[in-house]
file query.tsv (TSV, C-alpha atoms)
chain	number	residue	atom	x	y	z
A	134	MET	CA	2.87	-20.97	-11.75
A	135	GLN	CA	-0.27	-21.68	-9.77
A	136	SER	CA	-1.83	-18.84	-7.83
A	137	SER	CA	-1.02	-20.55	-4.54
A	138	ASP	CA	2.72	-20.64	-5.27
A	139	ILE	CA	3.76	-17.54	-3.37
A	140	PRO	CA	7.51	-17.02	-3.09
A	141	GLU	CA	8.90	-16.35	0.37
A	142	ASN	CA	10.34	-13.05	-0.86
A	143	TYR	CA	7.65	-11.69	-3.12
A	144	PRO	CA	9.16	-10.51	-6.46
A	145	HIS	CA	7.62	-7.05	-6.66
A	146	ASN	CA	6.97	-5.80	-10.20
A	147	ASP	CA	7.94	-9.04	-11.93
A	148	ASP	CA	4.59	-8.79	-13.73
A	149	LEU	CA	6.04	-5.81	-15.62
A	150	LEU	CA	9.20	-7.81	-16.44
A	151	ARG	CA	11.50	-5.17	-14.98
A	152	SER	CA	14.52	-7.43	-14.60
A	153	PRO	CA	16.53	-9.05	-17.43
A	154	ALA	CA	15.85	-12.47	-15.88
A	155	ASP	CA	12.08	-11.89	-16.01
A	156	GLN	CA	12.32	-10.72	-19.61
A	157	ALA	CA	14.37	-13.79	-20.59
A	158	LEU	CA	11.79	-16.07	-18.96
A	159	ALA	CA	8.95	-14.28	-20.78
A	160	ARG	CA	10.71	-14.80	-24.12
A	161	GLU	CA	11.03	-18.49	-23.28
A	162	LEU	CA	7.39	-18.90	-22.23
A	163	TYR	CA	5.61	-16.57	-24.64
A	164	GLY	CA	8.05	-16.48	-27.57
A	165	PRO	CA	6.20	-14.86	-30.52
A	166	VAL	CA	4.29	-12.35	-28.35
A	167	ALA	CA	6.96	-11.68	-25.69
A	168	PHE	CA	7.94	-8.43	-27.43
A	169	ALA	CA	4.52	-6.98	-26.48
A	170	LEU	CA	5.01	-7.88	-22.82
A	171	ILE	CA	8.27	-5.93	-22.53
A	172	PHE	CA	7.66	-2.18	-22.57
A	173	PRO	CA	10.96	-0.28	-22.03
A	174	GLY	CA	9.41	3.20	-22.23
A	175	LEU	CA	6.82	2.38	-19.58
A	176	LEU	CA	9.44	0.75	-17.36
A	177	GLU	CA	11.49	3.95	-17.29
A	178	HIS	CA	8.53	5.89	-15.90
A	179	HIS	CA	7.64	3.09	-13.49
A	180	VAL	CA	11.14	2.70	-12.04
A	181	ARG	CA	11.44	6.44	-11.36
A	182	ALA	CA	7.99	6.77	-9.78
A	183	ASP	CA	8.39	3.58	-7.74
A	184	ALA	CA	11.66	4.78	-6.23
A	185	VAL	CA	10.08	8.09	-5.17
A	186	ALA	CA	6.95	6.37	-3.80
A	187	ASN	CA	8.96	3.91	-1.70
A	188	ALA	CA	11.22	6.64	-0.31
A	189	GLU	CA	8.25	8.88	0.50
A	190	LYS	CA	6.40	6.05	2.24
A	191	ARG	CA	9.42	5.40	4.46
A	192	ARG	CA	9.68	9.13	5.20
A	193	ILE	CA	5.98	9.44	6.05
A	194	ARG	CA	6.05	6.46	8.41
A	195	SER	CA	9.33	7.51	10.04
A	196	ARG	CA	8.21	11.11	10.53
A	197	GLY	CA	4.82	9.97	11.82
A	198	LEU	CA	6.34	7.67	14.43
A	199	THR	CA	8.79	10.42	15.40
A	200	ALA	CA	5.88	12.83	15.94
A	201	VAL	CA	4.04	10.31	18.11
A	202	SER	CA	7.21	9.63	20.14
A	203	LEU	CA	7.81	13.35	20.77
A	204	VAL	CA	4.24	14.04	21.87
A	205	THR	CA	4.21	10.90	24.04
A	206	ALA	CA	7.44	12.00	25.72
A	207	ALA	CA	5.93	15.47	26.29
A	208	ILE	CA	2.83	14.03	27.98
A	209	LEU	CA	4.90	11.64	30.12
A	210	MET	CA	7.13	14.49	31.27
A	211	ALA	CA	4.14	16.70	32.04
A	212	SER	CA	2.60	13.94	34.13
A	213	ILE	CA	5.67	13.60	36.34
A	214	ALA	CA	6.14	17.31	37.03
A	215	PRO	CA	3.69	17.43	40.00
A	216	TYR	CA	5.70	14.69	41.71
A	217	LEU	CA	8.85	16.82	41.76
A	218	HIS	CA	7.62	19.56	44.11
A	219	GLU	CA	9.40	17.84	46.96
A	220	GLY	CA	13.07	17.07	47.36
A	221	PRO	CA	16.30	18.96	46.61
A	222	LEU	CA	15.27	19.82	43.04
A	223	HIS	CA	11.82	21.20	43.83
A	224	TYR	CA	12.84	24.83	43.10
A	225	PHE	CA	13.52	24.36	39.39
A	226	ALA	CA	12.74	20.77	38.38
A	227	PRO	CA	8.98	21.24	37.76
A	228	GLN	CA	9.59	24.36	35.69
A	229	ALA	CA	12.36	22.70	33.68
A	230	ILE	CA	10.26	19.59	33.09
A	231	GLY	CA	7.29	21.74	32.06
A	232	LEU	CA	9.40	23.70	29.59
A	233	MET	CA	10.90	20.56	28.06
A	234	SER	CA	7.45	18.99	27.86
A	235	ALA	CA	6.08	22.01	26.03
A	236	LEU	CA	8.98	22.07	23.57
A	237	LEU	CA	8.63	18.35	22.84
A	238	GLY	CA	4.88	18.72	22.37
A	239	ILE	CA	5.32	21.61	19.95
A	240	ALA	CA	8.00	19.73	18.00
A	241	GLY	CA	5.86	16.61	17.78
A	242	SER	CA	2.74	18.49	16.71
A	243	ALA	CA	4.67	20.46	14.08
A	244	THR	CA	6.19	17.25	12.74
A	245	ALA	CA	2.77	15.60	12.50
A	246	LEU	CA	1.15	18.57	10.77
A	247	ARG	CA	3.95	18.77	8.18
A	248	ASN	CA	3.72	15.04	7.46
A	249	SER	CA	1.70	15.12	4.22
A	250	PRO	CA	1.36	11.85	2.25
A	251	THR	CA	0.57	13.66	-1.01
A	252	LYS	CA	3.90	13.07	-2.75
A	253	TRP	CA	3.88	9.38	-1.81
A	254	LEU	CA	0.32	8.88	-3.02
A	255	GLU	CA	0.86	10.81	-6.25
A	256	HIS	CA	3.77	8.58	-7.24
A	257	ARG	CA	2.00	5.42	-6.09
A	258	LEU	CA	-0.93	6.49	-8.26
A	259	VAL	CA	1.51	6.76	-11.18
A	260	THR	CA	3.06	3.31	-10.64
A	261	GLU	CA	-0.25	1.48	-10.29
A	262	SER	CA	-1.85	3.36	-13.17
A	263	LEU	CA	1.13	2.50	-15.38
A	264	ARG	CA	0.71	-1.16	-14.43
A	265	GLN	CA	-2.98	-1.10	-15.28
A	266	PHE	CA	-2.36	0.85	-18.48
A	267	HIS	CA	0.20	-1.74	-19.61
A	268	PHE	CA	-2.14	-4.70	-19.24
A	269	SER	CA	-5.21	-2.92	-20.56
A	270	LEU	CA	-3.20	-1.86	-23.60
A	271	LEU	CA	-1.99	-5.42	-24.05
A	272	VAL	CA	-5.56	-6.58	-24.58
A	273	ARG	CA	-6.78	-3.56	-26.53
A	274	LEU	CA	-3.90	-3.77	-29.01
A	275	THR	CA	-4.24	-7.51	-29.58
A	276	PRO	CA	-4.87	-7.10	-33.36
A	277	GLU	CA	-1.69	-5.04	-33.76
A	278	ILE	CA	0.30	-7.49	-31.61
A	279	LEU	CA	-0.83	-10.49	-33.64
A	280	ALA	CA	-0.08	-8.71	-36.90
A	281	ALA	CA	3.40	-7.81	-35.67
A	282	ALA	CA	4.02	-11.37	-34.46
A	283	LYS	CA	2.98	-12.77	-37.82
A	284	SER	CA	5.12	-10.38	-39.89
A	285	GLU	CA	7.95	-10.28	-37.32
A	286	ASP	CA	8.03	-6.53	-37.89
A	287	HIS	CA	7.29	-4.89	-34.54
A	288	GLY	CA	7.89	-1.31	-35.61
A	289	ALA	CA	4.29	-0.25	-36.30
A	290	PHE	CA	3.04	-1.80	-33.06
A	291	GLU	CA	5.79	-0.21	-30.98
A	292	ARG	CA	5.17	3.21	-32.50
A	293	LYS	CA	1.46	2.97	-31.72
A	294	ARG	CA	2.19	1.76	-28.21
A	295	ASP	CA	4.62	4.64	-27.64
A	296	MET	CA	2.00	7.13	-28.85
A	297	GLU	CA	-0.53	5.67	-26.43
A	298	LEU	CA	2.04	5.98	-23.62
A	299	ALA	CA	2.77	9.60	-24.54
A	300	ASP	CA	-0.94	10.43	-24.33
A	301	PHE	CA	-1.20	8.58	-21.04
A	302	CYS	CA	1.76	10.49	-19.57
A	303	GLN	CA	0.24	13.78	-20.64
A	304	ASN	CA	-3.18	12.93	-19.23
A	305	LEU	CA	-2.10	11.33	-15.96
A	306	ILE	CA	1.58	11.62	-15.04
A	307	ALA	CA	1.81	15.33	-15.89
A	308	ARG	CA	-1.45	15.95	-14.00
A	309	LYS	CA	-0.97	13.53	-11.11
A	310	SER	CA	-1.90	16.07	-8.43
A	311	SER	CA	-5.28	16.88	-9.91
A	312	VAL	CA	-5.88	13.25	-10.88
A	313	LEU	CA	-5.21	12.16	-7.29
A	314	ALA	CA	-7.68	14.74	-6.00
A	315	SER	CA	-10.37	13.61	-8.43
A	316	LEU	CA	-9.81	9.88	-7.90
A	317	THR	CA	-10.41	10.19	-4.18
A	318	ARG	CA	-13.82	11.69	-4.98
A	319	GLU	CA	-14.85	9.63	-8.01
A	320	ARG	CA	-14.70	5.96	-8.97
A	321	GLU	CA	-14.77	6.24	-12.76
A	322	VAL	CA	-12.00	4.41	-14.63
A	323	SER	CA	-10.24	6.69	-17.12
A	324	LYS	CA	-10.44	5.67	-20.77
A	325	GLU	CA	-6.72	4.76	-20.89
A	326	LEU	CA	-7.25	2.08	-18.24
A	327	ARG	CA	-10.31	0.45	-19.76
A	328	ILE	CA	-10.44	-2.59	-22.02
A	329	ASN	CA	-13.22	-0.94	-23.97
A	330	PRO	CA	-14.15	-1.76	-26.57
A	331	PRO	CA	-12.62	-5.24	-26.18
A	332	PRO	CA	-11.10	-6.85	-29.29
A	333	ASP	CA	-13.12	-9.29	-31.36
A	334	ALA	CA	-13.03	-12.68	-29.65
A	335	ALA	CA	-12.53	-14.38	-33.02
A	336	ILE	CA	-8.95	-13.12	-33.36
A	337	PHE	CA	-7.91	-15.18	-30.35
A	338	LYS	CA	-8.36	-18.34	-32.41
A	339	ASP	CA	-4.89	-17.54	-33.68
A	340	PRO	CA	-2.39	-19.58	-31.59
A	341	ASN	CA	-0.55	-16.37	-30.76
A	342	GLY	CA	-3.84	-14.88	-29.54
A	343	ALA	CA	-4.28	-17.80	-27.17
A	344	LEU	CA	-0.67	-17.32	-26.04
A	345	LEU	CA	-1.35	-13.63	-25.37
A	346	LEU	CA	-4.36	-14.49	-23.21
A	347	LYS	CA	-2.25	-17.00	-21.33
A	348	ALA	CA	0.35	-14.30	-20.70
A	349	TYR	CA	-2.36	-11.94	-19.45
A	350	ARG	CA	-3.70	-14.63	-17.13
A	351	ASN	CA	-0.31	-15.48	-15.64
A	352	LEU	CA	1.21	-12.03	-15.43
A	353	ARG	CA	-1.89	-10.08	-14.51
A	354	ILE	CA	-4.64	-12.12	-12.88
A	355	VAL	CA	-2.49	-14.74	-11.16
A	356	ARG	CA	0.02	-12.13	-10.01
A	357	GLN	CA	-2.77	-10.05	-8.44
A	358	CYS	CA	-4.02	-13.15	-6.60
A	359	GLN	CA	-0.49	-13.80	-5.39
A	360	TYR	CA	0.01	-10.21	-4.31
A	361	ALA	CA	-3.17	-10.25	-2.19
A	362	ASP	CA	-2.05	-13.55	-0.63
A	363	TYR	CA	1.37	-12.06	0.10
A	364	LYS	CA	-0.03	-8.94	1.76
A	365	LEU	CA	-2.26	-11.12	3.95
A	366	SER	CA	0.61	-13.37	5.02
A	367	HIS	CA	2.15	-13.29	8.48
A	368	ASP	CA	5.60	-13.13	10.02
A	369	SER	CA	6.96	-13.19	13.57
A	370	SER	CA	8.63	-9.78	13.53
A	371	LEU	CA	7.70	-7.30	16.24
A	372	VAL	CA	8.06	-4.48	13.69
A	373	SER	CA	6.41	-5.91	10.58
A	374	HIS	CA	5.22	-4.44	7.28
A	375	PHE	CA	2.43	-7.02	7.06
A	376	PRO	CA	-0.88	-5.47	8.24
A	377	ARG	CA	-2.13	-8.67	9.89
A	378	ARG	CA	1.01	-8.85	12.01
A	379	GLN	CA	0.79	-5.12	12.82
A	380	LEU	CA	-2.79	-5.65	13.98
A	381	ASP	CA	-1.77	-8.62	16.14
A	382	VAL	CA	1.14	-6.76	17.77
A	383	LEU	CA	-0.86	-3.61	18.45
A	384	GLY	CA	-3.79	-5.68	19.75
A	385	THR	CA	-1.56	-7.67	22.10
A	386	LEU	CA	0.11	-4.53	23.43
A	387	GLY	CA	-3.29	-2.88	23.88
A	388	VAL	CA	-4.62	-5.81	25.92
A	389	SER	CA	-1.41	-5.76	27.97
A	390	CYS	CA	-2.03	-2.10	28.77
A	391	VAL	CA	-5.55	-2.91	29.97
A	392	VAL	CA	-4.26	-5.73	32.19
A	393	LEU	CA	-1.50	-3.54	33.63
A	394	LEU	CA	-3.94	-0.68	34.23
A	395	LEU	CA	-6.34	-2.97	36.13
A	396	SER	CA	-3.41	-4.37	38.11
A	397	ALA	CA	-2.32	-0.83	38.99
A	398	HIS	CA	-5.80	-0.02	40.29
A	399	VAL	CA	-5.82	-3.17	42.44
A	400	LEU	CA	-2.36	-2.37	43.77
A	401	SER	CA	-3.42	1.20	44.50
A	402	ALA	CA	-6.38	-0.06	46.54
A	403	LEU	CA	-4.03	-2.25	48.56
A	404	LEU	CA	-1.64	0.64	49.20
A	405	VAL	CA	-4.16	3.21	50.41
A	406	GLY	CA	-2.42	5.46	52.92
A	407	ASN	CA	1.02	4.31	51.83
A	408	ASP	CA	3.47	6.80	50.26
A	409	ALA	CA	4.04	4.39	47.38
A	410	ASP	CA	0.41	4.81	46.35
A	411	ARG	CA	1.08	8.03	44.42
A	412	TRP	CA	3.74	6.32	42.31
A	413	VAL	CA	1.25	3.59	41.47
A	414	HIS	CA	-1.12	6.34	40.32
A	415	LEU	CA	1.66	7.76	38.16
A	416	ALA	CA	2.33	4.32	36.68
A	417	ALA	CA	-1.39	4.02	35.85
A	418	VAL	CA	-1.27	7.38	34.08
A	419	TRP	CA	1.76	6.26	32.06
A	420	ILE	CA	0.01	3.02	31.09
A	421	ALA	CA	-3.00	4.99	29.88
A	422	ILE	CA	-0.69	7.25	27.86
A	423	ALA	CA	0.95	4.16	26.33
A	424	ALA	CA	-2.49	2.84	25.34
A	425	LEU	CA	-3.30	6.19	23.69
A	426	THR	CA	0.01	6.08	21.81
A	427	LEU	CA	-0.78	2.61	20.48
A	428	ARG	CA	-4.17	3.84	19.30
A	429	VAL	CA	-2.55	6.74	17.43
A	430	ILE	CA	-0.03	4.41	15.78
A	431	GLU	CA	-2.86	2.15	14.67
A	432	GLU	CA	-4.70	5.15	13.23
A	433	GLY	CA	-1.58	6.12	11.30
A	434	LEU	CA	-0.81	2.65	9.95
A	435	LYS	CA	-4.46	1.60	9.51
A	436	PRO	CA	-3.72	-2.15	9.58
A	437	ARG	CA	-7.37	-3.11	10.14
A	438	ALA	CA	-8.50	-1.26	7.01
A	439	GLU	CA	-5.57	-2.73	5.07
A	440	VAL	CA	-6.48	-6.29	6.08
A	441	GLU	CA	-10.11	-5.80	5.07
A	442	ARG	CA	-9.10	-4.22	1.76
A	443	TYR	CA	-6.76	-7.07	0.87
A	444	ARG	CA	-9.27	-9.73	1.93
A	445	HIS	CA	-11.86	-8.21	-0.37
A	446	TYR	CA	-9.35	-7.92	-3.21
A	447	GLN	CA	-8.16	-11.48	-2.63
A	448	SER	CA	-11.66	-12.95	-2.91
A	449	THR	CA	-12.41	-10.77	-5.96
A	450	THR	CA	-9.27	-11.73	-7.87
A	451	TYR	CA	-9.71	-15.43	-7.17
A	452	ARG	CA	-13.29	-15.31	-8.44
A	453	ILE	CA	-12.10	-13.55	-11.59
A	454	LEU	CA	-9.38	-16.17	-12.08
A	455	GLU	CA	-11.96	-18.92	-11.77
A	456	ARG	CA	-14.21	-17.25	-14.38
A	457	PHE	CA	-11.25	-16.81	-16.70
A	458	ASP	CA	-10.20	-20.46	-16.43
A	459	LYS	CA	-13.72	-21.85	-16.91
A	460	GLY	CA	-14.91	-19.51	-19.64
A	461	ASP	CA	-14.53	-19.23	-23.39
A	462	VAL	CA	-12.63	-16.37	-25.02
A	463	ARG	CA	-15.52	-13.93	-24.66
A	464	ALA	CA	-15.83	-14.77	-20.95
A	465	GLN	CA	-12.07	-14.40	-20.57
A	466	LEU	CA	-12.20	-10.90	-22.05
A	467	GLN	CA	-15.01	-10.03	-19.65
A	468	ALA	CA	-12.92	-11.39	-16.77
A	469	ALA	CA	-10.04	-9.17	-17.90
A	470	GLU	CA	-12.34	-6.14	-17.82
A	471	GLN	CA	-13.54	-7.12	-14.34
A	472	LEU	CA	-9.96	-7.47	-13.13
A	473	GLU	CA	-9.01	-4.01	-14.35
A	474	GLN	CA	-12.09	-2.51	-12.68
A	475	ALA	CA	-11.32	-4.34	-9.44
A	476	SER	CA	-7.71	-3.16	-9.60
A	477	PHE	CA	-8.84	0.43	-10.10
A	478	ASP	CA	-11.32	0.20	-7.21
A	479	GLU	CA	-8.66	-1.25	-4.92
A	480	MET	CA	-6.30	1.58	-5.80
A	481	THR	CA	-8.85	4.32	-5.11
A	482	ILE	CA	-9.79	2.78	-1.74
A	483	PHE	CA	-6.09	2.67	-0.83
A	484	LEU	CA	-5.52	6.29	-1.86
A	485	ARG	CA	-8.53	7.51	0.11
A	486	ALA	CA	-7.58	5.57	3.24
A	487	GLN	CA	-3.98	6.78	3.23
A	488	GLN	CA	-5.03	10.39	2.74
A	489	GLU	CA	-7.11	10.09	5.91
A	490	ALA	CA	-4.40	8.31	7.94
A	491	LYS	CA	-2.87	10.61	10.56
A	492	PHE	CA	-0.21	10.18	13.27
A	493	ILE	CA	-1.75	12.87	15.48
A	494	MET	CA	-2.38	12.64	19.23
call {"tool": "encode", "arguments": {"input": "query.tsv", "output": "structure tokens"}}
result
Amino acid sequence: MQSSDIPENYPHNDDLLRSPADQALARELYGPVAFALIFPGLLEHHVRADAVANAEKRRIRSRGLTAVSLVTAAILMASIAPYLHEGPLHYFAPQAIGLMSALLGIAGSATALRNSPTKWLEHRLVTESLRQFHFSLLVRLTPEILAAAKSEDHGAFERKRDMELADFCQNLIARKSSVLASLTREREVSKELRINPPPDAAIFKDPNGALLLKAYRNLRIVRQCQYADYKLSHDSSLVSHFPRRQLDVLGTLGVSCVVLLLSAHVLSALLVGNDADRWVHLAAVWIAIAALTLRVIEEGLKPRAEVERYRHYQSTTYRILERFDKGDVRAQLQAAEQLEQASFDEMTIFLRAQQEAKFIM
């Protein structure tokens, strides 16, 4: 598959061969070394962590938008209270509106303050570190993989791989809270995620060695190129999970608020002395509140930062793919190291940005 062949519905985690269909295809394409690409023990950890991360992300976004909605409603209600001092309800309406506004504001603020992304980010750290560990290990254990492929006895390799996974789980998964805290301050790749020292380039003269490098290229480098392309794609949905579309929608709504606000000021100037003028002023206030709400939603979703992050990662991964395809085995191993470093950097930037994202007005 070429790096430009992006499926309409991106097959998340097919690089880890999570589905039986992906595993069957890998056996067909990479026959003698396919056993090294399928890592059942790692998949168990990844499936569990991925489910928690996805659920927590949905909870964070839903709770954040709920908080913004409550506070927005509180401000809107507070803004209308002064207009209710006349009419049959003037004895209790302002007080009732003020009380409801205060309660909504308190509920929204409490919801926002309790909306911590820590659990989401801890489990996303686990899933992406497991992915990087899998592919780094694939290169580092090349001698063992080739020996197992030649003898058709995979036992020694699988035992060593399981020991490496056990150490990794102890060092990262069991300590994910402290690792998350340190990763958002530092940029050093842990030893389990490095291809260091790389295997001797000479062993890749073995046909199975060349096949293993091909598998790494297709499942790791090409898939990362595709993923960046996918995240930078566009749809027509008003409520989209693509950051470029989010940025477009929020930008369009923001410009609309500016136009409406200017129109309200013009209309107010034309209605000077008219009783309707005060309602135009109220409409202008509501438009300004809507603009503030959009700004808070953008700060919570951070689509602009996401687009820039994916653009940088996209250009980096494509350059690495080009080096891999044009280079000899030694250059390909260097490209693999560069990819793992780029993947780690992208992850830490993501973790830091999401820790700073807040749905607070």
call {"tool": "residues_around", "arguments": {"input": "query.tsv", "residues": "region 377-394 of chain A", "least_positions_apart": "5", "cutoff": "12 Å", "atoms": "all atoms listed in the file", "output": "PyMOL selection string"}}
result
chain A and resi 362-372+399-401+413-444
call {"tool": "atom_distance", "arguments": {"input": "query.tsv", "atom1": "CA of His178 (chain A)", "atom2": "CA of Gln487 (chain A)"}}
result
22.9 Å
call {"tool": "atom_distance", "arguments": {"input": "query.tsv", "atom1": "CA of Met210 (chain A)", "atom2": "CA of Met233 (chain A)"}}
result
7.8 Å
call {"tool": "atom_distance", "arguments": {"input": "query.tsv", "atom1": "CA of Ser195 (chain A)", "atom2": "CA of Thr481 (chain A)"}}
result
23.9 Å
call {"tool": "residues_around", "arguments": {"input": "query.tsv", "residues": "Gln357 (chain A)", "least_positions_apart": "6", "cutoff": "10 Å", "atoms": "all atoms listed in the file", "output": "PDB file with C-alpha atoms, in the coordinates of the input"}}
result
ATOM      1  CA  SER A 136      -1.830 -18.840  -7.830  1.00  0.00           C
ATOM      2  CA  ASP A 148       4.590  -8.790 -13.730  1.00  0.00           C
ATOM      3  CA  ARG A 350      -3.700 -14.630 -17.130  1.00  0.00           C
ATOM      4  CA  ASN A 351      -0.310 -15.480 -15.640  1.00  0.00           C
ATOM      5  CA  TYR A 363       1.370 -12.060   0.100  1.00  0.00           C
ATOM      6  CA  TYR A 446      -9.350  -7.920  -3.210  1.00  0.00           C
ATOM      7  CA  GLN A 447      -8.160 -11.480  -2.630  1.00  0.00           C
ATOM      8  CA  THR A 449     -12.410 -10.770  -5.960  1.00  0.00           C
ATOM      9  CA  THR A 450      -9.270 -11.730  -7.870  1.00  0.00           C
ATOM     10  CA  TYR A 451      -9.710 -15.430  -7.170  1.00  0.00           C
ATOM     11  CA  LEU A 454      -9.380 -16.170 -12.080  1.00  0.00           C
ATOM     12  CA  LEU A 472      -9.960  -7.470 -13.130  1.00  0.00           C
ATOM     13  CA  SER A 476      -7.710  -3.160  -9.600  1.00  0.00           C
TER      14      SER A 476
END
call {"tool": "axis_aligned_box", "arguments": {"input": "query.tsv", "around": "region 194-203 of chain A", "padding_each_side": "5 Å", "output": "JSON"}}
result
{"center_x": 6.7, "center_y": 9.9, "center_z": 14.6, "size_x": 15.3, "size_y": 16.9, "size_z": 22.4}
call {"tool": "residues_around", "arguments": {"input": "query.tsv", "residues": "Arg463 (chain A)", "least_positions_apart": "2", "cutoff": "9 Å", "atoms": "all atoms listed in the file", "output": "count of residues only"}}
result
9
call {"tool": "residues_around", "arguments": {"input": "query.tsv", "residues": "Phe268 (chain A)", "least_positions_apart": "2", "cutoff": "12 Å", "atoms": "only C-alpha atoms", "output": "number ranges by chain"}}
result
A: 148-149, 169-172, 175, 261-266, 270-275, 294, 325-328, 345-346, 348-354, 469-470, 472-473, 476
call {"tool": "residues_around", "arguments": {"input": "query.tsv", "residues": "region 196-199 of chain A", "least_positions_apart": "5", "cutoff": "8 Å", "atoms": "all atoms listed in the file", "output": "list in words"}}
result
Gly241, Thr244, Ala245, Asn248, Ile430, Gly433, Lys491 and Phe492 of chain A
call {"tool": "closest_residue", "arguments": {"input": "query.tsv", "among": "A:His179, A:Lys293, A:Arg194, A:His445", "to": "Val259 (chain A)", "atoms": "only C-alpha atoms"}}
result
A:His179
call {"tool": "build_atoms", "arguments": {"input": "query.tsv", "residues": "region 401-416 of chain A", "atoms": "N, CA and C atoms", "output": "CSV table (one decimal), in the coordinates of the input"}}
result
chain,number,residue,atom,x,y,z
A,401,SER,N,-3.2,-0.1,43.8
A,401,SER,CA,-3.4,1.2,44.5
A,401,SER,C,-4.4,1.0,45.7
A,402,ALA,N,-5.4,0.2,45.5
A,402,ALA,CA,-6.4,-0.1,46.5
A,402,ALA,C,-5.7,-0.7,47.7
A,403,LEU,N,-4.7,-1.6,47.5
A,403,LEU,CA,-4.0,-2.2,48.6
A,403,LEU,C,-3.1,-1.3,49.3
A,404,LEU,N,-2.7,-0.3,48.6
A,404,LEU,CA,-1.6,0.6,49.2
A,404,LEU,C,-2.2,1.9,49.7
A,405,VAL,N,-3.5,2.0,49.9
A,405,VAL,CA,-4.2,3.2,50.4
A,405,VAL,C,-3.5,3.7,51.7
A,406,GLY,N,-3.1,4.9,51.7
A,406,GLY,CA,-2.4,5.5,52.9
A,406,GLY,C,-0.9,5.3,52.9
A,407,ASN,N,-0.4,4.5,52.0
A,407,ASN,CA,1.0,4.3,51.8
A,407,ASN,C,1.6,5.3,50.9
A,408,ASP,N,2.8,5.8,51.1
A,408,ASP,CA,3.5,6.8,50.3
A,408,ASP,C,3.7,6.3,48.8
A,409,ALA,N,3.8,5.0,48.7
A,409,ALA,CA,4.0,4.4,47.4
A,409,ALA,C,2.8,4.5,46.5
A,410,ASP,N,1.7,4.8,47.1
A,410,ASP,CA,0.4,4.8,46.4
A,410,ASP,C,0.5,5.8,45.2
A,411,ARG,N,1.1,7.0,45.5
A,411,ARG,CA,1.1,8.0,44.4
A,411,ARG,C,1.9,7.6,43.2
A,412,TRP,N,2.9,6.8,43.4
A,412,TRP,CA,3.7,6.3,42.3
A,412,TRP,C,3.0,5.3,41.5
A,413,VAL,N,2.1,4.5,42.2
A,413,VAL,CA,1.2,3.6,41.5
A,413,VAL,C,0.3,4.4,40.6
A,414,HIS,N,-0.2,5.5,41.1
A,414,HIS,CA,-1.1,6.3,40.3
A,414,HIS,C,-0.4,6.9,39.1
A,415,LEU,N,0.9,7.3,39.3
A,415,LEU,CA,1.7,7.8,38.2
A,415,LEU,C,1.9,6.7,37.1
A,416,ALA,N,2.2,5.4,37.6
A,416,ALA,CA,2.3,4.3,36.7
A,416,ALA,C,1.0,4.1,35.9
